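Just below is one structure, and these are the notes that go with it.
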Amino acid sequence: MGTEASHGRSILHIDVNSAYLSWTAVEFLAHGRADDIRRIPSAIAGDPRSRHGIILAKSEPAKKYGIKTAMTLAEAQRRCPDLALFPPDHAMYKVYSDRMYALLCEYTDIIERFSIDECWLDYTGSEKIFGPPLEAARAISARIRKELGFTVNIGVSTNKLLAKMASEREKPDKIHTLYPGEIAEKMWPLPTDELFGVGHSTKQALARVGLRTIGDVAHADAVMLRQLLKPVMGQLVHDHANGIDDTPVLREELRAEKSIGHSTTTPRDVTDEEEALRYLLSLSERVGLRLRDAGLEAGVASVELKNKSFYTYRHQKKLPSRVRTTSEIYEAACAIFREMWRGDDLRLIGVSLTDLAPAGARARQISLFEDPEETARGRAIEETQDEIRKKFGRDAIKRGTLV
DNA sequence: TCTGGGGTCCTAGGACCC
DNA sequence: TCTGGGGTCCTAGGACCC
């Protein structure tokens with residue numbers, strides 16, 4: 001009982017330690033920098049001059065000063081005046097993420113990328129080739145360190161939830177198991193918000209009925225939890241607290257993208273429509289490029305605004321016909337913006353698309369006001385522009401209004 | 001010079017239809 | 001004068017994740 005052999009699946013969760021910071025450190029070392037920024041109080045943060053000043057990742061020494069992810073840079077610097085800071089580089093992160101993914105693919109072809117720095121592996125069936133899961137975890141950890149230069153935490157168990165909860169334990173560079181027989185000892189003493197799926201607001205709701213640890217939730221009445229947290233969340237939390245999770249590890253090919261969006265915090269408040277529309281065009285362009293790259297088209301467009309008081313509102317619109325081009329997206333975004341904007345000073349503007357499907361898969365409804373030839377021409381032009389951008393970079397072509 | 005950006009999923013209410 | 005009950009679609013908003 002409670003041993004790996006008696007359970008159906010064998011799941012690993014791999015989590016890069018302080019991903020953005022570790023990858024920056026490795027990149028620096030590769031380019032001849034003498035010191036390792038992982039050994040000093042350091043962080044990756046955006047630029048506060050453009051209102052992007054929050055901590056995205058921090059080193060272990062920085063953690064000792066109480067620096068936390070998503071903390072404002074000003075607060076972090078109060079806690080640690082000597083904090084060494086480095087800007088984010090998402091293109092570089094993708095390169096390191098892909099390298100790790102390629103290495104993990106040697107151990108199984110059932111891998112789910114949960115984010116740029118986390119993966120689940122369904123290792124069931126690979127035991128015959130690479131040995132017991134704990135041995136594989138040790139081999140993976142050692143190879144990532146040696147071949148890629150950074151460290152990971154690995155959680156080993158029988159489902160995704162337990163594997164993830166295992167990898168969240170002591171960091172960095174650790175391997176933990178959390179088999180069903182270990183739940184009471186390792187998981188139940190933790191506070192409720194350490195349970196995957198429980199955030200601030202659910203923690204508060206649970207505390208109001210006296211539930212403070214994961215064990216409290218595990219032993220609570222499921223009917224009561226469903227009433228307290230609504231059916232889905234109540235059941236999920238009760239299941240998770242008891243280590244129950246039968247969701248499969250979903251390979252990338254089997255996962256359909258649900259939305260594509262971009263948003264930007266503007267360097268200064270946007271107060272007039274003309275400027276807002278310029279942002280909408282630039283965002284529509286980026287979203288459109290990604291949409292066409294993925295070979296998709298969209299049925300719903302939405303615009304998100306955040307004003308200077310940090311109040312966020314979002315409106316969406318089901319489009320009369322499915323869209324693909326930047327001009328179609330931009331047109332929809334403008335219409336939504338004009339309807340929703342309350343005239344407040346804006347600090348963030350976002351555009352996103354949902355109801356995605358492969359281009360042409362669903363019958364296109366041709367609107368009475370649309371000239372099919374013109375639509376086709378517009379699309380052909382944009383596809384040529386996409387090719388040029390792919391070859392020469394995103395800024396190779398700019399619309400007159402953006403220059 | 002406080003406070004990012006990318007997502008997923010769930011709920012509730014109104015419109016509309018039979 | 002009293003006043004159904006499903007079901008679907010659409011939209012806004014919130015919670016949660018990294």
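In the structure tokens, chains take letters A, B, ... by order of appearance, with residues numbered from 1 within each chain and ligands from 1 in the order shown.
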- Query: When the cut-off is 8 Å and we count only C-alpha atoms (C1' of nucleotides), which residues of chain B are near chain A, given as a ChimeraX atom specification?
  - Reply: /B:1-7,10
Output as a VMD selection string all residues of region 258-383 of chain A that backbone DSSP marks as strand (DSSP E or B).
chain A and resid 259 to 270 296 to 307 312 to 323 346 to 358
May I have the residues from that selection written out with N, CA and C atoms, as a compact mmCIF listing (two decimals), in the first residue's frame?
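Dumped everything to again.txt:
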# COMPACT_ATOMS: atom_id res chain seq x y z
N SER A 259 -7.33 31.03 -26.44
CA SER A 259 -7.32 32.48 -26.66
C SER A 259 -5.92 32.97 -27.01
N ILE A 260 -5.89 34.09 -27.74
CA ILE A 260 -4.63 34.74 -28.08
C ILE A 260 -4.81 36.21 -27.76
N GLY A 261 -3.94 36.74 -26.91
CA GLY A 261 -4.12 38.14 -26.53
C GLY A 261 -2.81 38.84 -26.23
N HIS A 262 -2.85 40.16 -26.34
CA HIS A 262 -1.73 40.99 -25.91
C HIS A 262 -2.27 42.19 -25.18
N SER A 263 -1.54 42.59 -24.16
CA SER A 263 -1.92 43.81 -23.46
C SER A 263 -0.64 44.55 -23.11
N THR A 264 -0.78 45.84 -22.89
CA THR A 264 0.40 46.61 -22.52
C THR A 264 0.04 47.68 -21.51
N THR A 265 0.90 47.81 -20.52
CA THR A 265 0.80 48.93 -19.60
C THR A 265 1.52 50.08 -20.27
N THR A 266 0.80 51.16 -20.49
CA THR A 266 1.38 52.29 -21.23
C THR A 266 2.31 53.09 -20.33
N PRO A 267 3.38 53.64 -20.91
CA PRO A 267 4.34 54.40 -20.09
C PRO A 267 3.68 55.57 -19.35
N ARG A 268 2.69 56.17 -20.00
CA ARG A 268 1.92 57.25 -19.38
C ARG A 268 0.44 57.01 -19.62
N ASP A 269 -0.39 57.57 -18.76
CA ASP A 269 -1.83 57.40 -18.92
C ASP A 269 -2.27 57.85 -20.31
N VAL A 270 -3.18 57.09 -20.86
CA VAL A 270 -3.75 57.44 -22.16
C VAL A 270 -5.07 58.15 -21.90
N LEU A 296 -5.15 29.94 -37.35
CA LEU A 296 -6.47 30.00 -36.74
C LEU A 296 -7.25 31.22 -37.20
N GLU A 297 -8.53 31.21 -36.92
CA GLU A 297 -9.35 32.41 -37.05
C GLU A 297 -10.23 32.50 -35.82
N ALA A 298 -10.78 33.72 -35.57
CA ALA A 298 -11.46 33.95 -34.30
C ALA A 298 -12.89 34.39 -34.50
N GLY A 299 -13.75 34.04 -33.54
CA GLY A 299 -15.15 34.41 -33.61
C GLY A 299 -15.54 35.48 -32.61
N VAL A 300 -14.67 35.73 -31.62
CA VAL A 300 -14.97 36.71 -30.58
C VAL A 300 -13.74 37.58 -30.35
N ALA A 301 -13.95 38.90 -30.28
CA ALA A 301 -12.86 39.82 -29.96
C ALA A 301 -13.16 40.48 -28.63
N SER A 302 -12.12 40.77 -27.85
CA SER A 302 -12.38 41.50 -26.62
C SER A 302 -11.30 42.53 -26.33
N VAL A 303 -11.71 43.57 -25.64
CA VAL A 303 -10.80 44.67 -25.28
C VAL A 303 -10.81 44.81 -23.78
N GLU A 304 -9.62 44.95 -23.21
CA GLU A 304 -9.49 45.12 -21.77
C GLU A 304 -8.87 46.47 -21.49
N LEU A 305 -9.41 47.18 -20.51
CA LEU A 305 -8.87 48.47 -20.11
C LEU A 305 -8.65 48.48 -18.61
N LYS A 306 -7.55 49.13 -18.20
CA LYS A 306 -7.32 49.34 -16.77
C LYS A 306 -7.07 50.83 -16.59
N ASN A 307 -7.80 51.45 -15.68
CA ASN A 307 -7.60 52.88 -15.52
C ASN A 307 -6.56 53.18 -14.44
N THR A 312 -10.18 47.48 -13.55
CA THR A 312 -10.11 46.81 -14.85
C THR A 312 -11.50 46.47 -15.35
N TYR A 313 -11.74 46.73 -16.63
CA TYR A 313 -12.98 46.26 -17.23
C TYR A 313 -12.72 45.73 -18.63
N ARG A 314 -13.58 44.80 -19.04
CA ARG A 314 -13.34 44.09 -20.28
C ARG A 314 -14.67 43.90 -20.99
N HIS A 315 -14.68 44.17 -22.27
CA HIS A 315 -15.89 43.91 -23.05
C HIS A 315 -15.54 43.01 -24.23
N GLN A 316 -16.48 42.16 -24.60
CA GLN A 316 -16.22 41.28 -25.73
C GLN A 316 -17.39 41.32 -26.68
N LYS A 317 -17.13 40.90 -27.89
CA LYS A 317 -18.19 40.91 -28.90
C LYS A 317 -18.05 39.70 -29.80
N LYS A 318 -19.15 39.01 -29.95
CA LYS A 318 -19.22 37.93 -30.94
C LYS A 318 -19.29 38.61 -32.30
N LEU A 319 -18.39 38.23 -33.19
CA LEU A 319 -18.29 38.93 -34.46
C LEU A 319 -19.25 38.32 -35.49
N PRO A 320 -19.81 39.18 -36.34
CA PRO A 320 -20.77 38.68 -37.34
C PRO A 320 -20.12 37.67 -38.28
N SER A 321 -18.81 37.86 -38.58
CA SER A 321 -18.12 36.82 -39.34
C SER A 321 -16.74 36.63 -38.72
N ARG A 322 -16.18 35.44 -38.87
CA ARG A 322 -14.91 35.11 -38.23
C ARG A 322 -13.78 35.91 -38.85
N VAL A 323 -12.79 36.26 -38.04
CA VAL A 323 -11.74 37.18 -38.50
C VAL A 323 -10.35 36.56 -38.52
N LEU A 346 -6.35 55.88 -18.85
CA LEU A 346 -6.02 54.46 -18.95
C LEU A 346 -4.53 54.19 -18.75
N ARG A 347 -4.23 53.11 -18.02
CA ARG A 347 -2.82 52.71 -17.89
C ARG A 347 -2.56 51.37 -18.58
N LEU A 348 -3.61 50.65 -18.94
CA LEU A 348 -3.40 49.39 -19.67
C LEU A 348 -4.47 49.23 -20.74
N ILE A 349 -4.03 48.74 -21.88
CA ILE A 349 -4.95 48.44 -22.97
C ILE A 349 -4.61 47.05 -23.50
N GLY A 350 -5.62 46.23 -23.70
CA GLY A 350 -5.37 44.88 -24.20
C GLY A 350 -6.38 44.46 -25.25
N VAL A 351 -5.94 43.60 -26.14
CA VAL A 351 -6.81 43.04 -27.18
C VAL A 351 -6.66 41.54 -27.14
N SER A 352 -7.77 40.81 -27.13
CA SER A 352 -7.62 39.37 -27.26
C SER A 352 -8.73 38.74 -28.05
N LEU A 353 -8.44 37.55 -28.55
CA LEU A 353 -9.36 36.83 -29.42
C LEU A 353 -9.67 35.48 -28.81
N THR A 354 -10.94 35.08 -28.86
CA THR A 354 -11.33 33.74 -28.39
C THR A 354 -12.26 33.12 -29.43
N ASP A 355 -12.81 31.97 -29.07
CA ASP A 355 -13.60 31.19 -30.03
C ASP A 355 -12.75 30.93 -31.27
N LEU A 356 -11.58 30.32 -31.03
CA LEU A 356 -10.61 30.07 -32.09
C LEU A 356 -10.89 28.74 -32.77
N ALA A 357 -10.64 28.70 -34.06
CA ALA A 357 -10.77 27.44 -34.81
C ALA A 357 -9.85 27.52 -36.01
N PRO A 358 -9.43 26.37 -36.54
CA PRO A 358 -8.57 26.38 -37.71
C PRO A 358 -9.19 27.21 -38.84
(request) Write down as number ranges by chain the residues of region 165-375 of chain A whose backbone DSSP state falls under helix (DSSP H, G or I). (result) A: 165-167, 180-186, 192-194, 200-208, 214-219, 222-229, 231-241, 252-254, 273-293, 326-340, 372-375
Which polymer residues have any atom within 8 Å of an atom of Ile111 (chain A), counting only C-alpha atoms (C1' of nucleotides), with same-chain residues fewer than 4 positions away left out, as a list in words? Leu104, Cys105, Cys119, Trp120, Leu121, Asp122, Val249, Leu250, Arg251 and Glu252 of chain A
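Once region 169-171 of chain A and its same-chain neighbours fewer than 6 positions away are set aside, A:His13, A:Asp15, A:Val16, A:Asn17, A:Ser18, A:Ser59, A:Glu60, A:Lys63, A:Thr151, A:Val152, A:Asn153, A:Ile154, A:Gly155, A:Val156, A:Leu162, A:Ala163, A:Thr177, A:Leu178, A:Lys186, A:Met187, A:Leu190, A:Glu194, A:Leu195 remain within 12 Å of it when counting only C-alpha atoms (C1' of nucleotides).
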Would you save the residues from that selection as a CSV table (one decimal), in the first residue's frame, using C-alpha atoms?
chain,number,residue,atom,x,y,z
A,13,HIS,CA,6.5,17.4,-12.4
A,15,ASP,CA,9.9,23.1,-12.2
A,16,VAL,CA,12.8,25.3,-13.0
A,17,ASN,CA,14.2,27.0,-9.9
A,18,SER,CA,13.8,30.9,-10.2
A,59,SER,CA,17.7,34.7,-6.4
A,60,GLU,CA,17.8,32.5,-3.2
A,63,LYS,CA,14.6,35.6,-1.0
A,151,THR,CA,18.7,23.4,-11.5
A,152,VAL,CA,15.1,22.2,-11.2
A,153,ASN,CA,12.8,20.8,-8.5
A,154,ILE,CA,11.1,17.5,-9.4
A,155,GLY,CA,8.0,16.1,-7.8
A,156,VAL,CA,7.2,12.4,-8.2
A,162,LEU,CA,0.5,15.2,-6.2
A,163,ALA,CA,3.5,15.5,-8.5
A,177,THR,CA,8.0,12.2,-3.7
A,178,LEU,CA,4.4,12.7,-2.5
A,186,LYS,CA,3.5,15.9,3.9
A,187,MET,CA,0.4,17.7,2.6
A,190,LEU,CA,0.1,22.9,5.0
A,194,GLU,CA,-0.7,26.1,-0.7
A,195,LEU,CA,-3.1,23.7,-2.3
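Pairwise distance (CA of Asp216 (chain A), CA of Ala184 (chain A)) equals 10.9 Å.
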One decimal place gives the CA of Asp36 (chain A)-CA of Val95 (chain A) separation as 19.7 Å
Q. If we count only C-alpha atoms (C1' of nucleotides), what is near Lys203 (chain A) at a cut-off of 8 Å, once residues fewer than 4 positions away on the same chain are taken out, given as JSON, numbers by chain?
A. {"A": [192, 193, 198, 199, 207, 212]}
Mind writing the picked residues with C-alpha atoms as a JSON list (two decimals), in the first residue's frame?
[["chain", "number", "residue", "atom", "x", "y", "z"],
["A", 192, "THR", "CA", -5.03, 25.85, 2.56],
["A", 193, "ASP", "CA", -3.64, 28.34, 0.04],
["A", 198, "VAL", "CA", -6.77, 27.66, -3.72],
["A", 199, "GLY", "CA", -5.89, 31.34, -3.85],
["A", 207, "ALA", "CA", -11.12, 30.34, 7.02],
["A", 212, "ARG", "CA", -7.08, 26.45, 7.88]]
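Relative to CA of Tyr330 (chain A), CA of Gly295 (chain A) is found at 18.4 Å.
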Practice problem: Write out as a list in words each polymer residue whose atoms come within 9 Å of DC17 (chain C), counting only C-alpha atoms (C1' of nucleotides); drop sequence neighbours fewer than 2 positions from it. | Solution: Phe196 and Gly197 of chain A; DG7 and DT8 of chain B
Based on the selection just made, write C-alpha atoms (C1' of nucleotides) of those residues as a PDB file, in the first residue's frame.
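Written output follows (result_20.pdb):
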ATOM      1  CA  PHE A 196      -3.148  23.969  -6.078  1.00  0.00           C
ATOM      2  CA  GLY A 197      -6.356  25.788  -6.996  1.00  0.00           C
TER       3      GLY A 197
ATOM      4  C1'  DG B   7      -3.375  32.350 -19.953  1.00  0.00           C
ATOM      5  C1'  DT B   8      -7.734  28.869 -18.234  1.00  0.00           C
TER       6       DT B   8
END
